[in-house]
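Q: A single structure is presented below for examination.
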There are 2 protein chains.
Amino acid sequence: MKIILDGMGGDNAPAEIVNGAIQAIKDMPHTIVIVGDETKIHAELKKHKYDQNQIIVKHASDVITNEDTPVKAVRTKKESSMVVGINMVKNGEGDLFISAGNSGALMAGGLFILGRIQGIDRPALATIYPILGGQASLLVDAGANSECKPENLLEFATMGSIYMEKVLGRTNPSVGLVNIGAEETKGTTVTKAAHELLEKSNLNFRGNVEAREIPFGASDVIVCDGFVGNVILKLTEGMALSIYGLLKKRLTAGLMAKMGAVLLYDKLKGLKKEFDYSEYGGAPILGVKGPLVKMHGSSNANAVKNTILKAIPYAEQNVVQTIQNSVLELEEIKISE
Amino acid sequence: MKIILDGMGGDNAPAEIVNGAIQAIKDMPHTIVIVGDETKIHAELKKHKYDQNQIIVKHASDVITNEDTPVKAVRTKKESSMVVGINMVKNGEGDLFISAGNSGALMAGGLFILGRIQGIDRPALATIYPILGGQASLLVDAGANSECKPENLLEFATMGSIYMEKVLGRTNPSVGLVNIGAEETKGTTVTKAAHELLEKSNLNFRGNVEAREIPFGASDVIVCDGFVGNVILKLTEGMALSIYGLLKKRLTAGLMAKMGAVLLYDKLKGLKKEFDYSEYGGAPILGVKGPLVKMHGSSNANAVKNTILKAIPYAEQNVVQTIQNSVLELEEIKISE
């Protein structure tokens, strides 16, 4: 298998990206193609010892930055590492593309270069949602589609279930619809209609999920529109940061507390690790004709390595083909509406 | 001033409600009218010593429960403590109504009995959002209106600012619009249009607020539709519970940690208190022609007392009249659209 890696995307490119690729090949037999400025990438590669058969550099002269407008960038920056990389997946020169760059551009590249899977109206960004002391959930959509139709939420649920089963190995994953009450009559016109569609599906639909239950692992797949998904993800990060910040301040406030802080250090470290998203790999874009994975923009070498290793099943398990195969069933549910 | 208290609403009625009222009169000169089953309420009152001039019992033979459908309950249960209490505000027999009962029914009662303030399209539920180590924000709408127009968000911002200034004493309160990015071009068609309206207003509008910043006190007033508001509130509660739960487990896991737990006990207790909503009083319904306040259904005597004491300025500071006076300015902004 060939994994295409965007060498220029993210805050720490290319140094940490290259370093992460070198760490990854130690733990897998696959080849990595690093796309980007070959001079810069080779300069980074020279700093390490590695199996030269497993790493290839593909030159790309341009870069899409976070300041670029996604659609325009994909259309005009043809020689950017991201556009070159996605084209390699399209042309069969690689099996998977991973980038820490501009999320919107990665989604736009998926749409314009690879194209939507026929029958999928809206591709989505899916993100792992860590559960303290439990198995992670998958949040779909995590921010790609601010406004959704009920049919889109059904698509998100289906694609998320397939990814959860094939890539994260969760058997018969449960699906929950984010809503403001447990009863099916609760919510907006969109969530009510989505609830009906999900009930008709073959998915393991558990009904509505209130936001209070999400941190406790309410369901394997958490379905919502991208606006709500973004709020859930960002608020969770903000809450965790805010509580740790205050704990740290309080822990070091007095001598008594300082003694406690030393004793508790390893416990809190374990807690903090559970909120380190890089442990779970990246965020897949679901619904386009090829596996694309988004990494955090701030990914370091370890996060890059983890993302690469954990993303392998996305290509190996034929997730894209499985989503394609599910479309017929989706069409029947939508039409029966 | 006369405060009307729903003696029958909530999980701990009437015992904790009555007890809370008795605690409250010790700290204020106002009279409390407890509405509900007079036999039950007198039975509770008899358990305490209190100034009988400050507590009046008004009989109401029926109760609206959490299982009742709000609109139907308000229309059919004319003798319920909630309907009787709201009618007393309408008829000038009281200045403020507080209930721990069915939130939807309280909103419906406000709409059907008191009526909307002319020019306010959608009344809202506003809730205090506690900030760790900082001043609390006010979240509007916290769940009353799942689907909103941009004009509704402008109304929420205006009413929230007035409440924040008059009741919580925050001078020139800042307003933030919950959105999925800081740029004004981000979000849904509704949030984009709301951003434009808010920019034209005389409010202290700070622009979009991403959910990550909310726990850090991004702005005094946090504006969003009721679906997103419900998600923010419930997720915050869920996150706090989940982190405390794990901390508690970890703190008591080993002898070393147990020693740490003892030393840290008072620090963590202080932290937990910041998430006890009852410290901040109840949630006002804004936009109806009279001050209505919702308490948590699980309120104990201390929460009841706090809610009563903190709600006094809602009536004393003429918040309803101030909102009414702001409507003309709102109309001008809406029309200029």
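To be explicit about the labels: the chains of the structure tokens are called A, B, and onward in the order shown, and within each one the residues are counted from 1, while ligands get numbers from 1 in the order they are shown.
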Could you pull the residues within 12 Å of Ser61 of chain A, counting only C-alpha atoms, minus those fewer than 4 positions along the same chain, as a list in words?

A: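 The residues that qualify are Gly7, Met8, Val35, Gly36, Asp37, Glu38, Thr39, Lys40, Ile41, Lys77, Lys78, Glu79, Ser80, Ser81, Met82, Val83 and Val84 of chain A.
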
Q: Quick one: residues within 9 Å of segment 318-335 of chain B, only C-alpha atoms counted, chain neighbours fewer than 5 positions away excluded, as a list of chain:residue names?

A: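 Listed by chain and then number, they are B:Ile117, B:Gln118, B:Gly119, B:Ile120, B:Glu151, B:Leu154, B:Glu155, B:Thr158, B:Met159, B:Ile162, B:Tyr163, B:Lys166, B:Val167, B:Leu197, B:Leu198, B:Lys200, B:Ser201, B:Asn202, B:Leu286, B:Gly287, B:Val288, B:Lys289, B:Gly290, B:Pro291, B:Pro313.
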
Q: Between atom CA of Ala211 of chain B and atom CA of Lys234 of chain A, what distance in Å does the model show, to one decimal?

A: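 Straight-line distance from atom CA of Ala211 of chain B to atom CA of Lys234 of chain A works out to 5.2 Å.
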
Q: Taking into account only C-alpha atoms, which residue in the set A:Leu235, A:Val293, A:Leu203, A:Ala240 is nearest to chain B?

A: A:Leu235

Q: Can you tell me which residues surround segment 137-139 of chain B at a distance of at most 7 Å, considering only C-alpha atoms, apart from same-chain residues fewer than 4 positions away, and format the answer as a VMD selection string?

A: chain B and resid 126 to 130 160 217 219 to 223 229

Q: Please produce a file of those selected residues containing all heavy atoms, as a compact mmCIF listing (two decimals), in the first residue's frame.

A:
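What ended up in part_8.txt:
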# COMPACT_ATOMS: atom_id res chain seq x y z
N ALA B 126 -33.29 32.50 29.52
CA ALA B 126 -31.89 32.89 29.70
C ALA B 126 -31.33 32.16 30.91
O ALA B 126 -31.99 32.07 31.95
CB ALA B 126 -31.79 34.39 29.91
N THR B 127 -30.13 31.62 30.78
CA THR B 127 -29.54 30.87 31.88
C THR B 127 -28.14 31.38 32.18
O THR B 127 -27.38 31.69 31.26
CB THR B 127 -29.44 29.37 31.52
OG1 THR B 127 -30.71 28.93 31.10
CG2 THR B 127 -29.02 28.55 32.72
N ILE B 128 -27.83 31.44 33.45
CA ILE B 128 -26.47 31.78 33.86
C ILE B 128 -25.53 30.64 33.46
O ILE B 128 -25.84 29.47 33.69
CB ILE B 128 -26.43 31.99 35.40
CG1 ILE B 128 -27.07 33.33 35.74
CG2 ILE B 128 -25.01 31.92 35.93
CD1 ILE B 128 -26.28 34.52 35.26
N TYR B 129 -24.42 31.00 32.84
CA TYR B 129 -23.40 30.02 32.47
C TYR B 129 -22.17 30.29 33.33
O TYR B 129 -21.51 31.30 33.16
CB TYR B 129 -23.06 30.16 30.98
CG TYR B 129 -22.14 29.09 30.47
CD1 TYR B 129 -22.64 27.95 29.88
CD2 TYR B 129 -20.76 29.21 30.61
CE1 TYR B 129 -21.80 26.95 29.42
CE2 TYR B 129 -19.91 28.21 30.15
CZ TYR B 129 -20.44 27.09 29.56
OH TYR B 129 -19.60 26.09 29.12
N PRO B 130 -21.87 29.38 34.28
CA PRO B 130 -20.76 29.66 35.21
C PRO B 130 -19.41 29.58 34.51
O PRO B 130 -19.19 28.73 33.66
CB PRO B 130 -20.89 28.55 36.25
CG PRO B 130 -21.61 27.45 35.58
CD PRO B 130 -22.46 28.04 34.51
N GLY B 160 -31.04 39.99 26.76
CA GLY B 160 -29.97 39.46 27.62
C GLY B 160 -29.10 40.57 28.17
O GLY B 160 -28.70 40.56 29.35
N GLY B 217 -15.32 32.50 29.47
CA GLY B 217 -16.00 33.78 29.63
C GLY B 217 -15.82 34.69 28.43
O GLY B 217 -15.46 35.85 28.56
N SER B 219 -17.85 36.26 26.49
CA SER B 219 -18.59 37.52 26.54
C SER B 219 -19.63 37.44 27.66
O SER B 219 -19.95 36.35 28.13
CB SER B 219 -19.27 37.82 25.19
OG SER B 219 -20.19 36.82 24.86
N ASP B 220 -20.14 38.60 28.08
CA ASP B 220 -21.12 38.61 29.16
C ASP B 220 -22.41 37.92 28.73
O ASP B 220 -23.01 37.16 29.48
CB ASP B 220 -21.42 40.06 29.58
CG ASP B 220 -20.22 40.73 30.20
OD1 ASP B 220 -19.52 40.08 30.99
OD2 ASP B 220 -19.96 41.91 29.89
N VAL B 221 -22.85 38.21 27.50
CA VAL B 221 -24.06 37.59 26.97
C VAL B 221 -23.66 36.71 25.78
O VAL B 221 -22.94 37.16 24.89
CB VAL B 221 -25.09 38.66 26.52
CG1 VAL B 221 -26.36 38.00 25.99
CG2 VAL B 221 -25.43 39.60 27.68
N ILE B 222 -24.10 35.46 25.83
CA ILE B 222 -23.80 34.50 24.77
C ILE B 222 -25.12 34.24 24.04
O ILE B 222 -26.07 33.75 24.65
CB ILE B 222 -23.29 33.17 25.37
CG1 ILE B 222 -22.05 33.39 26.25
CG2 ILE B 222 -23.06 32.12 24.30
CD1 ILE B 222 -20.77 33.50 25.50
N VAL B 223 -25.16 34.57 22.74
CA VAL B 223 -26.42 34.48 21.99
C VAL B 223 -26.39 33.30 21.01
O VAL B 223 -25.41 33.12 20.29
CB VAL B 223 -26.67 35.79 21.22
CG1 VAL B 223 -27.91 35.68 20.35
CG2 VAL B 223 -26.83 36.94 22.20
N GLY B 229 -28.17 26.39 22.28
CA GLY B 229 -28.08 26.77 23.69
C GLY B 229 -28.27 25.56 24.60
O GLY B 229 -27.55 25.40 25.60

Q: Between B:Pro284, B:Pro70, B:Gly133, B:Pro150, which is the closest to chain A once you count only C-alpha atoms?

A: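 Smallest distance to chain A is found for B:Gly133.
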
Q: Kindly indicate which residue among B:Gln23, B:Asn66, B:Thr171, B:Ser146 lies nearest to Thr188 of chain A, using only C-alpha atoms for the distances.

A: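 The answer is B:Ser146, which sits nearest to Thr188 of chain A.
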
Q: Name the residues of segment 146-202 of chain A that fall into alpha helix (DSSP H) according to DSSP on the backbone, using the chain letters and numbers of this document, as a CSV table (one decimal) with N, CA and C atoms, in the first residue's frame.

A:
chain,number,residue,atom,x,y,z
A,150,PRO,N,-32.6,16.4,6.6
A,150,PRO,CA,-32.7,15.1,7.3
A,150,PRO,C,-32.0,14.0,6.6
A,151,GLU,N,-32.1,14.0,5.3
A,151,GLU,CA,-31.4,12.9,4.5
A,151,GLU,C,-29.9,13.0,4.7
A,152,ASN,N,-29.3,14.2,4.9
A,152,ASN,CA,-27.9,14.3,5.1
A,152,ASN,C,-27.5,13.6,6.4
A,153,LEU,N,-28.4,13.8,7.4
A,153,LEU,CA,-28.1,13.2,8.7
A,153,LEU,C,-28.1,11.7,8.6
A,154,LEU,N,-29.0,11.1,7.8
A,154,LEU,CA,-29.1,9.7,7.6
A,154,LEU,C,-27.8,9.2,6.9
A,155,GLU,N,-27.3,10.0,5.9
A,155,GLU,CA,-26.0,9.7,5.3
A,155,GLU,C,-24.9,9.7,6.3
A,156,PHE,N,-24.8,10.7,7.1
A,156,PHE,CA,-23.8,10.8,8.1
A,156,PHE,C,-23.8,9.5,9.0
A,157,ALA,N,-25.0,9.2,9.5
A,157,ALA,CA,-25.1,8.0,10.4
A,157,ALA,C,-24.6,6.7,9.7
A,158,THR,N,-25.0,6.6,8.4
A,158,THR,CA,-24.6,5.4,7.7
A,158,THR,C,-23.1,5.3,7.5
A,159,MET,N,-22.5,6.4,7.0
A,159,MET,CA,-21.1,6.5,6.7
A,159,MET,C,-20.3,6.3,8.0
A,160,GLY,N,-20.8,7.0,9.1
A,160,GLY,CA,-20.1,6.9,10.4
A,160,GLY,C,-20.1,5.5,10.9
A,161,SER,N,-21.2,4.8,10.7
A,161,SER,CA,-21.3,3.4,11.2
A,161,SER,C,-20.3,2.5,10.5
A,162,ILE,N,-20.3,2.7,9.2
A,162,ILE,CA,-19.3,1.9,8.4
A,162,ILE,C,-17.9,2.1,8.8
A,163,TYR,N,-17.5,3.4,9.0
A,163,TYR,CA,-16.2,3.7,9.4
A,163,TYR,C,-15.9,3.2,10.8
A,164,MET,N,-16.8,3.3,11.7
A,164,MET,CA,-16.6,2.8,13.1
A,164,MET,C,-16.4,1.3,13.1
A,165,GLU,N,-17.1,0.6,12.2
A,165,GLU,CA,-17.0,-0.9,12.2
A,165,GLU,C,-15.7,-1.3,11.5
A,166,LYS,N,-15.5,-0.7,10.3
A,166,LYS,CA,-14.3,-1.2,9.5
A,166,LYS,C,-13.0,-0.7,10.0
A,189,THR,N,-37.6,20.8,13.0
A,189,THR,CA,-38.2,20.0,11.9
A,189,THR,C,-37.2,19.0,11.3
A,190,VAL,N,-35.9,19.5,11.2
A,190,VAL,CA,-34.9,18.6,10.6
A,190,VAL,C,-34.6,17.4,11.5
A,191,THR,N,-34.4,17.6,12.8
A,191,THR,CA,-34.1,16.4,13.7
A,191,THR,C,-35.3,15.5,13.8
A,192,LYS,N,-36.5,16.0,13.8
A,192,LYS,CA,-37.7,15.1,13.8
A,192,LYS,C,-37.7,14.2,12.6
A,193,ALA,N,-37.5,14.8,11.4
A,193,ALA,CA,-37.6,14.1,10.2
A,193,ALA,C,-36.4,13.1,10.1
A,194,ALA,N,-35.2,13.5,10.6
A,194,ALA,CA,-34.1,12.6,10.6
A,194,ALA,C,-34.3,11.4,11.5
A,195,HIS,N,-35.0,11.7,12.6
A,195,HIS,CA,-35.3,10.6,13.6
A,195,HIS,C,-36.1,9.5,12.9
A,196,GLU,N,-37.1,10.0,12.1
A,196,GLU,CA,-38.0,9.0,11.4
A,196,GLU,C,-37.2,8.2,10.4
A,197,LEU,N,-36.3,8.9,9.6
A,197,LEU,CA,-35.5,8.2,8.6
A,197,LEU,C,-34.5,7.2,9.3
A,198,LEU,N,-33.9,7.6,10.4
A,198,LEU,CA,-33.0,6.7,11.1
A,198,LEU,C,-33.7,5.5,11.7
A,199,GLU,N,-35.0,5.6,12.1
A,199,GLU,CA,-35.8,4.5,12.6
A,199,GLU,C,-36.0,3.5,11.5
A,200,LYS,N,-36.2,4.0,10.3
A,200,LYS,CA,-36.5,3.1,9.2
A,200,LYS,C,-35.2,2.3,8.7

Q: Taking only segment 107-271 of chain A into account, list the residues labelled strand (DSSP E or B) by DSSP (computed from the backbone), as a list of chain:residue names.

A: A:Arg116, A:Ala124, A:Leu125, A:Ala126, A:Thr127, A:Ile128, A:Tyr129, A:Ser137, A:Leu138, A:Leu139, A:Val140, A:Ser174, A:Val175, A:Gly176, A:Leu177, A:Val178, A:Asn204, A:Phe205, A:Arg206, A:Gly207, A:Asn208, A:Val209, A:Val221, A:Ile222, A:Val223

Q: Calculated over only C-alpha atoms, which of the candidates B:Ala100, B:Val89, B:Met239, B:Cys224 has the smallest distance to Thr65 of chain B?

A: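 Looking only at the distances to Thr65 of chain B, the closest residue turns out to be B:Ala100.
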
Q: Write out as a PyMOL selection string each polymer residue whose atoms come within 12 Å of Ala303 of chain B, counting only C-alpha atoms; drop sequence neighbours fewer than 3 positions from it.

A: chain B and resi 10+12+16-21+23-24+98-100+276-282+294-300+306-311

Q: For a quick check of understanding, using only C-alpha atoms, which of B:Leu125, B:Cys148, B:Val57, B:Ile4 has the smallest distance to chain A?

A: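 When distances to chain A are compared using only C-alpha atoms, the smallest one comes from B:Cys148.
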
Q: With distances taken over only C-alpha atoms, which residue among A:Lys2, A:Lys49, A:Lys248, A:Arg170 lies nearest Met88 of chain A?

A: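 Answer, going by the shortest atom-to-atom distance: A:Lys2.
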
Q: Within 10 Å of Leu111 of chain A, counting only C-alpha atoms, which residues qualify if same-chain residues fewer than 3 places away don't, as a list in words?

A: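 That gives Val71, Ala105, Leu106, Met107, Ala108, Leu114, Gly115, Arg116, Ile117, Arg122, Pro123, Gly287, Val288 and Lys289 of chain A.
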
Q: Using atom CA of Glu184 of chain A and atom CA of Thr69 of chain B as the two end points, give the distance in Å to one decimal.

A: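 Atom CA of Thr69 of chain B lies 14.2 Å from atom CA of Glu184 of chain A.
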
Q: Could you please determine the separation between atom CA of Leu5 of chain A and atom CA of Gly85 of chain A in Å, to one decimal place?

A: 7.3 Å
